[in-house]
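Trainee: My questions will all concern the structure given below.
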Amino acid sequence: QVQLVESGGGLVHPGGSLTLSCVVSGLTFNLYTMNWYRQAPGKEREWVASIQGGGAADYTDSVLGRFTASRDNFRGTIDLRMRALKPEDSGIYYCNADRFGREYWGQGTQVTVSS
């Protein structure tokens, strides 16, 4: 059974930092591209970042330079380090595993950026 479990969300002031984590089990982790998505209230889910099995990462423009994705293929985990957070970064953040269109999702973790 494939499981993706996110953690690390919370309430943070604008300009603050958070690190999200996702623990993955039940699949051959290093074969999967791992993604972070987020969904704000009333908006569609949007892609935030991807990290390939070898560690190469891509980011949506709005988080470039502020967010850093990493993965540990031995432990089957990914992290998303977020700094200089803005209110528009608020939402539920989801961990996603993708390999040639076969996808698995976590349950999400809430991030709220507010003063």
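By order of appearance in the structure tokens: chains A, B, ..., then residues from 1 within every chain, and ligands from 1 in the order shown.
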Give me the residues within 7 Å of region 38-45 of chain A as a PyMOL selection string, counting only C-alpha atoms and dropping any in the same chain fewer than 2 places off.
Mentor: chain A and resi 36+47-48+90-94
Trainee: Residues within 8 Å of region 96-110 of chain A, please, as a PyMOL selection string. Count only C-alpha atoms; anything in the same chain fewer than 5 positions from it doesn't count.
Mentor: chain A and resi 2-10+31-37+90-91
Trainee: Can you tell me how far CA of Asn73 (chain A) sits from CA of Leu11 (chain A), in Å to one decimal?
Mentor: 28.9 Å
Trainee: Leaving out Ser115 (chain A) and any residue of its chain fewer than 2 positions from it, which residues lie within 9 Å of it when counting only C-alpha atoms, given as a CSV table (one decimal) with all heavy atoms, in the first residue's frame?
Mentor:
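As written to disk, out34.csv reads:
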chain,number,residue,atom,x,y,z
A,12,VAL,N,2.3,31.0,10.3
A,12,VAL,CA,3.6,31.7,10.3
A,12,VAL,C,3.3,33.2,9.9
A,12,VAL,O,2.4,33.4,9.1
A,12,VAL,CB,4.6,31.0,9.4
A,12,VAL,CG1,4.2,31.0,8.0
A,12,VAL,CG2,6.0,31.7,9.6
A,13,HIS,N,4.0,34.1,10.4
A,13,HIS,CA,3.9,35.5,10.0
A,13,HIS,C,4.5,35.7,8.6
A,13,HIS,O,5.5,35.0,8.2
A,13,HIS,CB,4.6,36.4,11.0
A,13,HIS,CG,3.9,36.4,12.4
A,13,HIS,ND1,2.6,36.6,12.5
A,13,HIS,CD2,4.4,36.2,13.6
A,13,HIS,CE1,2.3,36.6,13.8
A,13,HIS,NE2,3.4,36.3,14.5
A,14,PRO,N,4.1,36.7,7.9
A,14,PRO,CA,4.7,37.1,6.7
A,14,PRO,C,6.2,37.3,6.9
A,14,PRO,O,6.6,37.9,7.8
A,14,PRO,CB,4.0,38.3,6.2
A,14,PRO,CG,2.6,38.2,6.8
A,14,PRO,CD,2.9,37.5,8.2
A,87,PRO,N,1.5,36.0,2.3
A,87,PRO,CA,0.1,35.5,2.6
A,87,PRO,C,-0.4,34.7,1.4
A,87,PRO,O,-1.2,33.7,1.6
A,87,PRO,CB,-0.7,36.8,2.7
A,87,PRO,CG,0.3,37.8,3.3
A,87,PRO,CD,1.6,37.4,2.6
A,113,VAL,N,-0.2,31.8,6.2
A,113,VAL,CA,0.7,32.9,6.4
A,113,VAL,C,-0.1,34.2,6.7
A,113,VAL,O,-0.8,34.7,5.8
A,113,VAL,CB,1.6,33.1,5.1
A,113,VAL,CG1,2.6,34.3,5.4
A,113,VAL,CG2,2.3,31.9,4.7
Trainee: What does the distance from CA of Val23 (chain A) to CA of Ile78 (chain A) come to in Å, to one decimal?
Mentor: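 CA of Val23 (chain A) sits 6.8 Å away from CA of Ile78 (chain A).
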Trainee: Do a neighbour search on region 58-70 of chain A at 8 Å with only C-alpha atoms, toss out local chain neighbours closer than 2 positions, and write the hits as a ChimeraX atom specification.
Mentor: /A:47-51,55-56,72,78-85
